[in-house]
Amino acid sequence: MEYDFTLKFRLSDADGDIDDLLERLGAAGCDDALVGTGIQGRIALNFIRSADSANAAMVSALQDVRKALPTAKLIEVGPDFVGLTDVAEVVGVSRQNMRKLMLTHAKTFPPAIHEGSASIWHLALILDWLHAKGSYPIAGNVAEVANAAMQFNIAKEMERVPEAVRMEMRELVA
């Protein structure tokens, strides 16, 4: 099956030559990625990769990127962090419809990971919620990809948390 996802990286100073980056990425097996270099010092790779699962596709893509760019730092795996407009686009409804769903079902709608003038959610949690409601079919394997992306992002961020704090958190949220 094919999986569509994006990996975003911060590049090291040694990775400044874009032509060299593209050549190394191609040689490492990333020829199934569309490469974006819009922000200096950053690179985004939109993969359409065949694998047995979204997780396997992401793991193999990350391994290939590591071969080509060993000093690059993973910023984010997507699709994961989204606003209501992004969710509406995935689901095929208007932003106003998504907002109405969120407000009408405030007690059960997944909580935002950041609330503010531009709130942000994990796409996978909203797609799971919509699936459970049964009224919004999700096309293809988008929910599987969003769930795998969320897991990678959470695992990446947990590496930044000291072990002592992780232990305290386990006791508080259990």
# chains A, B, ... in the order shown; residues from 1 in each chain; ligands from 1

call {"tool": "select_by_dssp", "arguments": {"residues": "segment 37-165 of chain A", "states": "helix (DSSP H, G or I)", "output": "JSON, numbers by chain"}}
result
{"A": [54, 55, 56, 57, 58, 59, 60, 61, 62, 63, 64, 65, 66, 67, 68, 84, 85, 86, 87, 88, 89, 90, 91, 95, 96, 97, 98, 99, 100, 101, 102, 103, 104, 123, 124, 125, 126, 127, 128, 129, 130, 131, 132, 133, 142, 143, 144, 145, 146, 147, 148, 149, 150, 151, 152, 153, 154, 155, 156, 157, 158, 163, 164, 165]}

call {"tool": "residues_around", "arguments": {"residues": "Val82 of chain A", "least_positions_apart": "5", "cutoff": "6 Å", "atoms": "only C-alpha atoms", "output": "PyMOL selection string"}}
result
chain A and resi 120-121+123

call {"tool": "residues_around", "arguments": {"residues": "Ala61 of chain A", "least_positions_apart": "3", "cutoff": "8 Å", "atoms": "only C-alpha atoms", "output": "PyMOL selection string"}}
result
chain A and resi 30+47+49+57-58+64-65

call {"tool": "write_last_selection", "arguments": {"atoms": "N, CA and C atoms", "output": "PDB file, in the first residue's frame"}}
result
ATOM      1  N   CYS A  30      15.646   8.076  -1.385  1.00  0.00           N
ATOM      2  CA  CYS A  30      14.548   9.021  -1.176  1.00  0.00           C
ATOM      3  C   CYS A  30      14.023   9.569  -2.500  1.00  0.00           C
ATOM      4  N   PHE A  47       6.835  12.297   1.134  1.00  0.00           N
ATOM      5  CA  PHE A  47       6.996  10.944   0.605  1.00  0.00           C
ATOM      6  C   PHE A  47       5.662  10.359   0.170  1.00  0.00           C
ATOM      7  N   ARG A  49       5.318   6.548  -0.208  1.00  0.00           N
ATOM      8  CA  ARG A  49       6.150   5.353  -0.064  1.00  0.00           C
ATOM      9  C   ARG A  49       5.293   4.113   0.103  1.00  0.00           C
ATOM     10  N   ALA A  57       6.500   2.511   6.533  1.00  0.00           N
ATOM     11  CA  ALA A  57       6.868   3.488   5.505  1.00  0.00           C
ATOM     12  C   ALA A  57       7.665   4.637   6.119  1.00  0.00           C
ATOM     13  N   MET A  58       7.218   5.116   7.271  1.00  0.00           N
ATOM     14  CA  MET A  58       7.907   6.228   7.926  1.00  0.00           C
ATOM     15  C   MET A  58       9.271   5.818   8.447  1.00  0.00           C
ATOM     16  N   ASP A  64      16.369   6.154   5.469  1.00  0.00           N
ATOM     17  CA  ASP A  64      16.985   6.624   4.229  1.00  0.00           C
ATOM     18  C   ASP A  64      17.484   8.063   4.361  1.00  0.00           C
ATOM     19  N   VAL A  65      16.694   8.918   5.001  1.00  0.00           N
ATOM     20  CA  VAL A  65      17.118  10.306   5.192  1.00  0.00           C
ATOM     21  C   VAL A  65      18.350  10.353   6.093  1.00  0.00           C
TER      22      VAL A  65
END

call {"tool": "residues_around", "arguments": {"residues": "Asp80 of chain A", "least_positions_apart": "5", "cutoff": "10 Å", "atoms": "only C-alpha atoms", "output": "list of chain:residue names"}}
result
A:Phe5, A:Thr6, A:Ile120, A:Trp121, A:His122, A:Leu123, A:Ala124, A:Leu125, A:Val145, A:Ala146, A:Asn147, A:Ala148, A:Ala149, A:Met150, A:Gln151, A:Phe152, A:Asn153

call {"tool": "write_last_selection", "arguments": {"atoms": "N, CA and C atoms", "output": "PDB file, in the first residue's frame"}}
result
ATOM      1  N   PHE A   5       3.101  11.048   3.396  1.00  0.00           N
ATOM      2  CA  PHE A   5       3.448  11.726   4.641  1.00  0.00           C
ATOM      3  C   PHE A   5       4.617  12.668   4.400  1.00  0.00           C
ATOM      4  N   THR A   6       4.864  13.537   5.367  1.00  0.00           N
ATOM      5  CA  THR A   6       5.929  14.530   5.249  1.00  0.00           C
ATOM      6  C   THR A   6       6.861  14.444   6.444  1.00  0.00           C
ATOM      7  N   ILE A 120      -4.589  24.110  17.807  1.00  0.00           N
ATOM      8  CA  ILE A 120      -3.959  23.014  17.068  1.00  0.00           C
ATOM      9  C   ILE A 120      -4.335  21.700  17.728  1.00  0.00           C
ATOM     10  N   TRP A 121      -4.627  20.710  16.896  1.00  0.00           N
ATOM     11  CA  TRP A 121      -4.998  19.370  17.334  1.00  0.00           C
ATOM     12  C   TRP A 121      -4.094  18.347  16.677  1.00  0.00           C
ATOM     13  N   HIS A 122      -4.117  17.132  17.244  1.00  0.00           N
ATOM     14  CA  HIS A 122      -3.553  15.965  16.551  1.00  0.00           C
ATOM     15  C   HIS A 122      -4.626  15.489  15.580  1.00  0.00           C
ATOM     16  N   LEU A 123      -4.298  15.440  14.304  1.00  0.00           N
ATOM     17  CA  LEU A 123      -5.247  15.016  13.282  1.00  0.00           C
ATOM     18  C   LEU A 123      -5.818  13.636  13.586  1.00  0.00           C
ATOM     19  N   ALA A 124      -4.976  12.715  14.029  1.00  0.00           N
ATOM     20  CA  ALA A 124      -5.424  11.343  14.282  1.00  0.00           C
ATOM     21  C   ALA A 124      -6.559  11.287  15.296  1.00  0.00           C
ATOM     22  N   LEU A 125      -6.491  12.113  16.329  1.00  0.00           N
ATOM     23  CA  LEU A 125      -7.529  12.080  17.367  1.00  0.00           C
ATOM     24  C   LEU A 125      -8.869  12.570  16.831  1.00  0.00           C
ATOM     25  N   VAL A 145      -2.022   6.938   8.613  1.00  0.00           N
ATOM     26  CA  VAL A 145      -0.842   7.795   8.451  1.00  0.00           C
ATOM     27  C   VAL A 145      -0.806   8.853   9.555  1.00  0.00           C
ATOM     28  N   ALA A 146      -1.946   9.483   9.845  1.00  0.00           N
ATOM     29  CA  ALA A 146      -2.001  10.508  10.892  1.00  0.00           C
ATOM     30  C   ALA A 146      -1.667   9.917  12.257  1.00  0.00           C
ATOM     31  N   ASN A 147      -2.141   8.704  12.518  1.00  0.00           N
ATOM     32  CA  ASN A 147      -1.842   8.061  13.798  1.00  0.00           C
ATOM     33  C   ASN A 147      -0.355   7.750  13.925  1.00  0.00           C
ATOM     34  N   ALA A 148       0.248   7.222  12.874  1.00  0.00           N
ATOM     35  CA  ALA A 148       1.682   6.926  12.902  1.00  0.00           C
ATOM     36  C   ALA A 148       2.485   8.214  13.068  1.00  0.00           C
ATOM     37  N   ALA A 149       2.103   9.281  12.363  1.00  0.00           N
ATOM     38  CA  ALA A 149       2.805  10.565  12.476  1.00  0.00           C
ATOM     39  C   ALA A 149       2.727  11.091  13.909  1.00  0.00           C
ATOM     40  N   MET A 150       1.545  11.002  14.513  1.00  0.00           N
ATOM     41  CA  MET A 150       1.375  11.455  15.892  1.00  0.00           C
ATOM     42  C   MET A 150       2.288  10.677  16.835  1.00  0.00           C
ATOM     43  N   GLN A 151       2.350   9.357  16.655  1.00  0.00           N
ATOM     44  CA  GLN A 151       3.192   8.527  17.517  1.00  0.00           C
ATOM     45  C   GLN A 151       4.669   8.909  17.388  1.00  0.00           C
ATOM     46  N   PHE A 152       5.129   9.153  16.160  1.00  0.00           N
ATOM     47  CA  PHE A 152       6.523   9.572  15.957  1.00  0.00           C
ATOM     48  C   PHE A 152       6.788  10.916  16.634  1.00  0.00           C
ATOM     49  N   ASN A 153       5.866  11.873  16.483  1.00  0.00           N
ATOM     50  CA  ASN A 153       6.068  13.193  17.080  1.00  0.00           C
ATOM     51  C   ASN A 153       6.072  13.129  18.602  1.00  0.00           C
TER      52      ASN A 153
END

call {"tool": "closest_residue", "arguments": {"among": "A:Val161, A:Ala28, A:Leu7, A:Val91", "to": "Asp128 of chain A", "atoms": "only C-alpha atoms"}}
result
A:Val91

call {"tool": "closest_residue", "arguments": {"among": "A:Ala51, A:Leu74, A:Ala56, A:Ile138", "to": "Gly92 of chain A", "atoms": "only C-alpha atoms"}}
result
A:Ile138

call {"tool": "select_by_dssp", "arguments": {"residues": "chain A", "states": "strand (DSSP E)", "output": "count of residues only"}}
result
32

call {"tool": "residues_around", "arguments": {"residues": "Ala14 of chain A", "least_positions_apart": "6", "cutoff": "12 Å", "atoms": "only C-alpha atoms", "output": "list in words"}}
result
Asp20, Leu21, Gly41, Leu69, Pro70, Thr71 and Ala72 of chain A

call {"tool": "closest_residue", "arguments": {"among": "A:Phe109, A:Val77, A:Met98, A:Ser117", "to": "Trp129 of chain A", "atoms": "only C-alpha atoms"}}
result
A:Phe109

call {"tool": "residues_around", "arguments": {"residues": "Gly29 of chain A", "least_positions_apart": "4", "cutoff": "10 Å", "atoms": "only C-alpha atoms", "output": "PyMOL selection string"}}
result
chain A and resi 24-25+33+60-61+63-65+67-68

call {"tool": "atom_distance", "arguments": {"atom1": "atom CA of Ile48 of chain A", "atom2": "atom CA of Phe9 of chain A"}}
result
17.2 Å

call {"tool": "closest_residue", "arguments": {"among": "A:Ala44, A:Ile126, A:Val35, A:Gly26", "to": "Lys73 of chain A", "atoms": "only C-alpha atoms"}}
result
A:Ala44

call {"tool": "decode", "arguments": {"residues": "segment 128-147 of chain A", "atoms": "N, CA and C atoms", "output": "PDB file, in the first residue's frame"}}
result
ATOM      1  N   ASP A 128     -10.223   9.818  14.497  1.00  0.00           N
ATOM      2  CA  ASP A 128     -10.771   8.719  15.298  1.00  0.00           C
ATOM      3  C   ASP A 128     -12.139   9.104  15.864  1.00  0.00           C
ATOM      4  N   TRP A 129     -12.263  10.339  16.330  1.00  0.00           N
ATOM      5  CA  TRP A 129     -13.524  10.822  16.883  1.00  0.00           C
ATOM      6  C   TRP A 129     -14.609  10.825  15.810  1.00  0.00           C
ATOM      7  N   LEU A 130     -14.262  11.337  14.626  1.00  0.00           N
ATOM      8  CA  LEU A 130     -15.227  11.364  13.517  1.00  0.00           C
ATOM      9  C   LEU A 130     -15.629   9.954  13.100  1.00  0.00           C
ATOM     10  N   HIS A 131     -14.662   9.049  13.073  1.00  0.00           N
ATOM     11  CA  HIS A 131     -14.951   7.653  12.714  1.00  0.00           C
ATOM     12  C   HIS A 131     -15.921   7.039  13.724  1.00  0.00           C
ATOM     13  N   ALA A 132     -15.692   7.316  15.004  1.00  0.00           N
ATOM     14  CA  ALA A 132     -16.570   6.777  16.052  1.00  0.00           C
ATOM     15  C   ALA A 132     -17.993   7.325  15.921  1.00  0.00           C
ATOM     16  N   LYS A 133     -18.126   8.569  15.455  1.00  0.00           N
ATOM     17  CA  LYS A 133     -19.462   9.141  15.228  1.00  0.00           C
ATOM     18  C   LYS A 133     -20.142   8.450  14.061  1.00  0.00           C
ATOM     19  N   GLY A 134     -19.333   7.917  13.130  1.00  0.00           N
ATOM     20  CA  GLY A 134     -19.874   7.143  12.026  1.00  0.00           C
ATOM     21  C   GLY A 134     -20.450   7.933  10.874  1.00  0.00           C
ATOM     22  N   SER A 135     -20.417   9.242  10.936  1.00  0.00           N
ATOM     23  CA  SER A 135     -21.072  10.022   9.888  1.00  0.00           C
ATOM     24  C   SER A 135     -20.113  10.662   8.887  1.00  0.00           C
ATOM     25  N   TYR A 136     -18.823  10.508   9.099  1.00  0.00           N
ATOM     26  CA  TYR A 136     -17.838  11.115   8.213  1.00  0.00           C
ATOM     27  C   TYR A 136     -16.821  10.065   7.771  1.00  0.00           C
ATOM     28  N   PRO A 137     -16.992   9.524   6.572  1.00  0.00           N
ATOM     29  CA  PRO A 137     -16.020   8.537   6.097  1.00  0.00           C
ATOM     30  C   PRO A 137     -14.677   9.215   5.789  1.00  0.00           C
ATOM     31  N   ILE A 138     -13.594   8.581   6.189  1.00  0.00           N
ATOM     32  CA  ILE A 138     -12.257   9.112   5.961  1.00  0.00           C
ATOM     33  C   ILE A 138     -11.649   8.334   4.802  1.00  0.00           C
ATOM     34  N   ALA A 139     -11.234   9.046   3.781  1.00  0.00           N
ATOM     35  CA  ALA A 139     -10.729   8.421   2.556  1.00  0.00           C
ATOM     36  C   ALA A 139      -9.386   7.735   2.786  1.00  0.00           C
ATOM     37  N   GLY A 140      -9.210   6.613   2.121  1.00  0.00           N
ATOM     38  CA  GLY A 140      -7.922   5.919   2.084  1.00  0.00           C
ATOM     39  C   GLY A 140      -7.358   5.583   3.441  1.00  0.00           C
ATOM     40  N   ASN A 141      -6.049   5.738   3.545  1.00  0.00           N
ATOM     41  CA  ASN A 141      -5.354   5.380   4.781  1.00  0.00           C
ATOM     42  C   ASN A 141      -4.894   6.615   5.562  1.00  0.00           C
ATOM     43  N   VAL A 142      -5.610   7.717   5.400  1.00  0.00           N
ATOM     44  CA  VAL A 142      -5.227   8.970   6.053  1.00  0.00           C
ATOM     45  C   VAL A 142      -5.191   8.813   7.573  1.00  0.00           C
ATOM     46  N   ALA A 143      -6.153   8.123   8.147  1.00  0.00           N
ATOM     47  CA  ALA A 143      -6.189   7.958   9.607  1.00  0.00           C
ATOM     48  C   ALA A 143      -4.984   7.154  10.084  1.00  0.00           C
ATOM     49  N   GLU A 144      -4.609   6.115   9.354  1.00  0.00           N
ATOM     50  CA  GLU A 144      -3.434   5.315   9.739  1.00  0.00           C
ATOM     51  C   GLU A 144      -2.159   6.157   9.666  1.00  0.00           C
ATOM     52  N   VAL A 145      -2.022   6.938   8.613  1.00  0.00           N
ATOM     53  CA  VAL A 145      -0.842   7.795   8.451  1.00  0.00           C
ATOM     54  C   VAL A 145      -0.806   8.853   9.555  1.00  0.00           C
ATOM     55  N   ALA A 146      -1.946   9.483   9.845  1.00  0.00           N
ATOM     56  CA  ALA A 146      -2.001  10.508  10.892  1.00  0.00           C
ATOM     57  C   ALA A 146      -1.667   9.917  12.257  1.00  0.00           C
ATOM     58  N   ASN A 147      -2.141   8.704  12.518  1.00  0.00           N
ATOM     59  CA  ASN A 147      -1.842   8.061  13.798  1.00  0.00           C
ATOM     60  C   ASN A 147      -0.355   7.750  13.925  1.00  0.00           C
TER      61      ASN A 147
END
